[in-house]
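To be precise, the following lines are start07.pdb, and they hold PDB, C-alpha atoms, pLDDT in the B column.
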ATOM      1  CA  MET A   9     -64.382 -34.347  40.539  1.00 70.00           C
ATOM      2  CA  SER A  10     -65.409 -32.189  43.473  1.00 92.00           C
ATOM      3  CA  LEU A  11     -65.746 -28.473  42.850  1.00 97.00           C
ATOM      4  CA  ILE A  12     -65.435 -25.480  45.123  1.00 98.00           C
ATOM      5  CA  ARG A  13     -66.441 -21.855  44.863  1.00 98.00           C
ATOM      6  CA  LEU A  14     -64.226 -19.176  46.353  1.00 98.00           C
ATOM      7  CA  VAL A  15     -65.286 -15.533  46.505  1.00 98.00           C
ATOM      8  CA  TYR A  16     -63.064 -12.682  47.648  1.00 97.00           C
ATOM      9  CA  ALA A  17     -63.052  -8.900  47.565  1.00 97.00           C
ATOM     10  CA  SER A  18     -60.043  -6.604  47.693  1.00 96.00           C
ATOM     11  CA  GLU A  19     -59.009  -3.024  47.275  1.00 95.00           C
ATOM     12  CA  SER A  20     -57.450  -2.218  43.910  1.00 93.00           C
ATOM     13  CA  ARG A  21     -53.918  -0.836  43.767  1.00 93.00           C
ATOM     14  CA  LEU A  22     -54.021  -0.291  39.989  1.00 90.00           C
ATOM     15  CA  VAL A  23     -52.725   3.093  38.893  1.00 86.00           C
ATOM     16  CA  ASP A  24     -55.086   5.010  36.611  1.00 83.00           C
ATOM     17  CA  ALA A  25     -52.395   5.590  33.974  1.00 84.00           C
ATOM     18  CA  ASN A  26     -51.822   1.826  33.535  1.00 87.00           C
ATOM     19  CA  ARG A  27     -55.249   0.548  34.533  1.00 88.00           C
ATOM     20  CA  ARG A  28     -56.469  -0.638  31.121  1.00 88.00           C
ATOM     21  CA  ALA A  29     -53.199  -2.401  30.262  1.00 92.00           C
ATOM     22  CA  GLU A  30     -53.032  -4.004  33.724  1.00 91.00           C
ATOM     23  CA  LEU A  31     -56.619  -5.303  33.501  1.00 91.00           C
ATOM     24  CA  ASP A  32     -56.019  -6.642  29.991  1.00 92.00           C
ATOM     25  CA  GLY A  33     -52.902  -8.435  31.236  1.00 91.00           C
ATOM     26  CA  ILE A  34     -54.718  -9.886  34.241  1.00 90.00           C
ATOM     27  CA  LEU A  35     -57.508 -11.202  32.026  1.00 90.00           C
ATOM     28  CA  ALA A  36     -55.238 -12.703  29.362  1.00 93.00           C
ATOM     29  CA  SER A  37     -53.150 -14.515  31.964  1.00 91.00           C
ATOM     30  CA  ALA A  38     -56.187 -15.664  33.979  1.00 91.00           C
ATOM     31  CA  ARG A  39     -58.021 -16.972  30.932  1.00 93.00           C
ATOM     32  CA  ARG A  40     -55.018 -19.038  29.799  1.00 93.00           C
ATOM     33  CA  PHE A  41     -54.371 -20.504  33.245  1.00 93.00           C
ATOM     34  CA  ASN A  42     -58.039 -21.055  34.050  1.00 94.00           C
ATOM     35  CA  ASP A  43     -58.739 -22.764  30.736  1.00 93.00           C
ATOM     36  CA  GLN A  44     -55.834 -25.169  31.317  1.00 94.00           C
ATOM     37  CA  ASN A  45     -56.844 -25.877  34.936  1.00 95.00           C
ATOM     38  CA  GLY A  46     -60.624 -26.213  34.796  1.00 96.00           C
ATOM     39  CA  ILE A  47     -61.379 -22.924  36.544  1.00 97.00           C
ATOM     40  CA  THR A  48     -64.313 -20.703  35.694  1.00 96.00           C
ATOM     41  CA  GLY A  49     -65.306 -17.429  37.230  1.00 93.00           C
ATOM     42  CA  PHE A  50     -66.164 -13.800  37.024  1.00 96.00           C
ATOM     43  CA  LEU A  51     -64.287 -10.644  38.012  1.00 95.00           C
ATOM     44  CA  LEU A  52     -65.969  -7.414  39.048  1.00 96.00           C
ATOM     45  CA  ALA A  53     -63.791  -4.320  38.885  1.00 94.00           C
ATOM     46  CA  THR A  54     -64.205  -0.697  39.876  1.00 94.00           C
ATOM     47  CA  GLU A  55     -61.609   2.033  40.134  1.00 91.00           C
ATOM     48  CA  GLY A  56     -61.111   1.196  43.802  1.00 93.00           C
ATOM     49  CA  ALA A  57     -61.834  -2.501  44.211  1.00 95.00           C
ATOM     50  CA  PHE A  58     -62.087  -6.040  42.874  1.00 95.00           C
ATOM     51  CA  ALA A  59     -64.428  -8.906  43.675  1.00 96.00           C
ATOM     52  CA  GLN A  60     -64.051 -12.307  42.101  1.00 96.00           C
ATOM     53  CA  VAL A  61     -65.853 -15.624  41.999  1.00 97.00           C
ATOM     54  CA  LEU A  62     -63.603 -18.610  41.248  1.00 97.00           C
ATOM     55  CA  GLU A  63     -65.006 -22.107  40.615  1.00 97.00           C
ATOM     56  CA  GLY A  64     -63.241 -25.366  39.929  1.00 97.00           C
ATOM     57  CA  PRO A  65     -61.154 -28.154  41.453  1.00 97.00           C
ATOM     58  CA  ARG A  66     -60.013 -27.286  44.965  1.00 97.00           C
ATOM     59  CA  ASP A  67     -56.254 -27.477  44.282  1.00 96.00           C
ATOM     60  CA  SER A  68     -56.478 -25.272  41.180  1.00 96.00           C
ATOM     61  CA  VAL A  69     -58.718 -22.682  42.826  1.00 97.00           C
ATOM     62  CA  MET A  70     -56.563 -22.501  45.945  1.00 97.00           C
ATOM     63  CA  GLU A  71     -53.377 -22.180  43.863  1.00 95.00           C
ATOM     64  CA  THR A  72     -54.993 -19.317  41.930  1.00 95.00           C
ATOM     65  CA  TYR A  73     -56.130 -17.586  45.106  1.00 97.00           C
ATOM     66  CA  GLY A  74     -52.644 -17.976  46.577  1.00 96.00           C
ATOM     67  CA  ARG A  75     -51.149 -16.136  43.601  1.00 94.00           C
ATOM     68  CA  ILE A  76     -53.774 -13.376  43.813  1.00 94.00           C
ATOM     69  CA  VAL A  77     -53.215 -12.781  47.539  1.00 95.00           C
ATOM     70  CA  VAL A  78     -49.540 -11.952  46.993  1.00 95.00           C
ATOM     71  CA  ASP A  79     -50.199  -9.810  43.894  1.00 93.00           C
ATOM     72  CA  PRO A  80     -49.279  -6.180  44.739  1.00 93.00           C
ATOM     73  CA  ARG A  81     -52.229  -4.941  42.643  1.00 92.00           C
ATOM     74  CA  HIS A  82     -54.505  -6.037  45.523  1.00 93.00           C
ATOM     75  CA  ALA A  83     -54.769  -4.974  49.174  1.00 94.00           C
ATOM     76  CA  ALA A  84     -57.097  -5.517  52.141  1.00 94.00           C
ATOM     77  CA  PHE A  85     -58.349  -8.964  51.108  1.00 94.00           C
ATOM     78  CA  ARG A  86     -61.654 -10.324  52.387  1.00 96.00           C
ATOM     79  CA  LEU A  87     -62.171 -14.036  51.776  1.00 97.00           C
ATOM     80  CA  LEU A  88     -65.967 -14.247  51.743  1.00 97.00           C
ATOM     81  CA  VAL A  89     -66.511 -17.935  51.111  1.00 97.00           C
ATOM     82  CA  GLU A  90     -64.768 -21.142  50.192  1.00 97.00           C
ATOM     83  CA  GLU A  91     -67.346 -23.898  49.830  1.00 97.00           C
ATOM     84  CA  PRO A  92     -68.116 -27.064  47.901  1.00 97.00           C
ATOM     85  CA  ILE A  93     -70.559 -26.660  45.023  1.00 97.00           C
ATOM     86  CA  ALA A  94     -72.581 -29.146  42.996  1.00 96.00           C
ATOM     87  CA  ALA A  95     -72.532 -27.084  39.795  1.00 95.00           C
ATOM     88  CA  ARG A  96     -70.788 -24.029  38.417  1.00 95.00           C
ATOM     89  CA  SER A  97     -72.536 -20.659  38.289  1.00 93.00           C
ATOM     90  CA  PHE A  98     -70.245 -19.389  35.491  1.00 93.00           C
ATOM     91  CA  PRO A  99     -69.661 -22.469  33.301  1.00 91.00           C
ATOM     92  CA  GLY A 100     -69.049 -20.522  30.102  1.00 87.00           C
ATOM     93  CA  TRP A 101     -66.472 -18.120  31.500  1.00 89.00           C
ATOM     94  CA  ALA A 102     -62.767 -19.009  31.769  1.00 89.00           C
ATOM     95  CA  MET A 103     -62.796 -15.525  33.290  1.00 90.00           C
ATOM     96  CA  GLY A 104     -65.557 -13.067  32.635  1.00 89.00           C
ATOM     97  CA  ILE A 105     -65.317  -9.444  33.685  1.00 92.00           C
ATOM     98  CA  ALA A 106     -67.555  -6.470  34.277  1.00 93.00           C
ATOM     99  CA  GLU A 107     -66.184  -3.060  35.089  1.00 92.00           C
ATOM    100  CA  ARG A 108     -68.137  -0.191  36.546  1.00 92.00           C
ATOM    101  CA  ASP A 109     -68.259   2.305  33.709  1.00 90.00           C
ATOM    102  CA  GLU A 110     -70.818   4.511  31.994  1.00 90.00           C
ATOM    103  CA  THR A 111     -72.673   1.447  30.666  1.00 90.00           C
ATOM    104  CA  THR A 112     -72.751  -0.632  33.854  1.00 93.00           C
ATOM    105  CA  SER A 113     -72.834   2.091  36.511  1.00 93.00           C
ATOM    106  CA  PHE A 114     -76.617   1.860  36.870  1.00 94.00           C
ATOM    107  CA  ILE A 115     -76.541  -1.921  37.434  1.00 95.00           C
ATOM    108  CA  PHE A 116     -73.682  -1.654  39.943  1.00 96.00           C
ATOM    109  CA  GLY A 117     -75.724   1.043  41.709  1.00 95.00           C
ATOM    110  CA  LEU A 118     -78.801  -1.191  41.906  1.00 95.00           C
ATOM    111  CA  TYR A 119     -76.679  -3.588  43.967  1.00 96.00           C
ATOM    112  CA  GLY A 120     -75.421  -0.807  46.240  1.00 95.00           C
ATOM    113  CA  VAL A 121     -71.949  -0.528  44.718  1.00 95.00           C
ATOM    114  CA  SER A 122     -70.816   3.086  44.651  1.00 91.00           C
ATOM    115  CA  PRO A 123     -67.565   4.943  45.302  1.00 87.00           C
ATOM    116  CA  GLU A 124     -68.646   5.229  48.946  1.00 87.00           C
ATOM    117  CA  THR A 125     -69.645   1.562  49.319  1.00 92.00           C
ATOM    118  CA  ASP A 126     -67.350  -0.151  46.840  1.00 94.00           C
ATOM    119  CA  LEU A 127     -67.034  -3.874  46.088  1.00 94.00           C
ATOM    120  CA  HIS A 128     -64.720  -4.631  49.013  1.00 91.00           C
ATOM    121  CA  ALA A 129     -67.471  -3.503  51.444  1.00 92.00           C
ATOM    122  CA  GLN A 130     -70.283  -5.642  49.968  1.00 94.00           C
ATOM    123  CA  PRO A 131     -71.648  -8.874  51.416  1.00 95.00           C
ATOM    124  CA  LEU A 132     -71.156 -12.202  49.643  1.00 96.00           C
ATOM    125  CA  GLU A 133     -74.714 -12.470  48.306  1.00 95.00           C
ATOM    126  CA  THR A 134     -74.580  -9.008  46.736  1.00 96.00           C
ATOM    127  CA  LEU A 135     -71.341  -9.759  44.903  1.00 96.00           C
ATOM    128  CA  VAL A 136     -72.469 -13.157  43.624  1.00 95.00           C
ATOM    129  CA  ASP A 137     -75.837 -11.751  42.496  1.00 95.00           C
ATOM    130  CA  LEU A 138     -74.177  -8.777  40.780  1.00 96.00           C
ATOM    131  CA  ALA A 139     -71.683 -11.040  38.978  1.00 95.00           C
ATOM    132  CA  GLY A 140     -74.543 -13.302  37.851  1.00 93.00           C
ATOM    133  CA  GLU A 141     -76.529 -10.325  36.591  1.00 94.00           C
ATOM    134  CA  LEU A 142     -73.600  -8.906  34.637  1.00 93.00           C
ATOM    135  CA  ALA A 143     -72.477 -12.310  33.301  1.00 92.00           C
ATOM    136  CA  GLY A 144     -75.888 -12.609  31.627  1.00 86.00           C
ATOM    137  CA  ARG A 145     -75.419  -9.391  29.664  1.00 58.00           C
ATOM    138  CA  PRO A 146     -74.495  -9.725  25.994  1.00 49.00           C
ATOM    139  CA  ALA A 147     -70.800  -9.188  25.364  1.00 45.00           C
TER     140      ALA A 147
END
Encoded form (structure tokens):
Amino acid sequence: MSLIRLVYASESRLVDANRRAELDGILASARRFNDQNGITGFLLATEGAFAQVLEGPRDSVMETYGRIVVDPRHAAFRLLVEEPIAARSFPGWAMGIAERDETTSFIFGLYGVSPETDLHAQPLETLVDLAGELAGRPA
């Protein structure tokens, strides 16, 4: 089976009042679908943006991306890469997540992610490296 990796960044349209419930819903739905369809990946989230790495069979990844693009919780999409891969970078994650909060703010900052230069403004390598760094943290 050939695998692809797709990485995108977008602006977040989540409302602060519902943010936690919305993120929990996104994760629950993504984990179910991804587990059933052979997709792995990692989501980075800040108050103003998302960045996500999706890995898996081309059809499944593209179907997932198609649903995300029309989701009103996202805006200003940047597709950073869609490429074949030999192995997964996030094999243990049906969908992992790291949010910028009091605990992770320092690590996000080391990669240049701040309110002024949020996820949607970062280059591909920065986002993939940051996701890899945060995926290695104990849950």
With only C-alpha atoms as the basis for distance, which of A:Asp32, A:Glu141, A:Glu107, A:Glu19 is at the shortest distance from Ala57 in chain A? A:Glu19
Which residues fall under the PyMOL selection byres ((chain A and resi 88) around 10) in this file, as a list in words?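 Answer for the PyMOL selection byres ((chain A and resi 88) around 10): Leu14, Val15, Tyr16, Ala17, Ala59, Val61, Phe85, Arg86, Leu87, Val89, Glu90, Glu91, Gln130, Pro131, Leu132, Glu133 and Leu135 of chain A.
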What do you get, as a PyMOL selection string, if you spell out every residue that the PyMOL selection byres ((chain A and resi 72) around 12) selects here? chain A and resi 14-16+37-39+41-42+45-49+60-71+73-79
Give me, please, the distance in Å between CA of Ala36 in chain A and CA of Trp101 in chain A, quoted to one decimal.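 Atom-to-atom, CA of Ala36 in chain A to CA of Trp101 in chain A, that is 12.7 Å.
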Separation of CA of Ala83 in chain A from CA of Arg21 in chain A in Å: 6.9 Å
Name all residues at most 8 Å from Pro92 in chain A (count all atoms listed in the file; drop same-chain ones fewer than 3 positions away) and give them as a compact mmCIF listing (two decimals) with C-alpha atoms, in the coordinates of the input.
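In the end it all went to around.txt:
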# COMPACT_ATOMS: atom_id res chain seq x y z
CA SER A 10 -65.41 -32.19 43.47
CA LEU A 11 -65.75 -28.47 42.85
CA ILE A 12 -65.44 -25.48 45.12
CA ARG A 13 -66.44 -21.86 44.86
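Between CA of Leu51 in chain A and CA of Ala94 in chain A the interatomic distance comes to 20.9 Å.
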For Thr134 in chain A, which residue out of A:Gly33, A:Gly117, A:Pro99, A:Pro80 is the nearest one, using only C-alpha atoms?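 Of all the options, A:Gly117 lies closest to Thr134 in chain A.
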Using all atoms listed in the file, which of the listed residues (A:His82, A:Met9, A:Arg108, A:Leu35) sits closest to Val23 in chain A? A:His82
Which of A:Ala95, A:Ala129, A:Val121, A:Ile105 sits closest to Ala143 in chain A [using only C-alpha atoms]: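 Looking at the shortest contact to Ala143 in chain A, the residue is A:Ile105.
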Here is a test: counting all atoms listed in the file, which residue of A:Ala84, A:Leu52, A:Ala29, A:Ala102 is nearest to Leu142 in chain A?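 Checking each candidate against Leu142 in chain A, we get A:Leu52 as the closest.
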Using the file's own x, y and z axes, so that the box edges lie along x, y and z, what centre and edge lengths in Å (one decimal) does a box around every listed atom of range 57-60 of chain A get when 5 Å is added on each side? Give it as JSON.
{"center_x": -63.1, "center_y": -7.4, "center_z": 43.2, "size_x": 12.6, "size_y": 19.8, "size_z": 12.1}
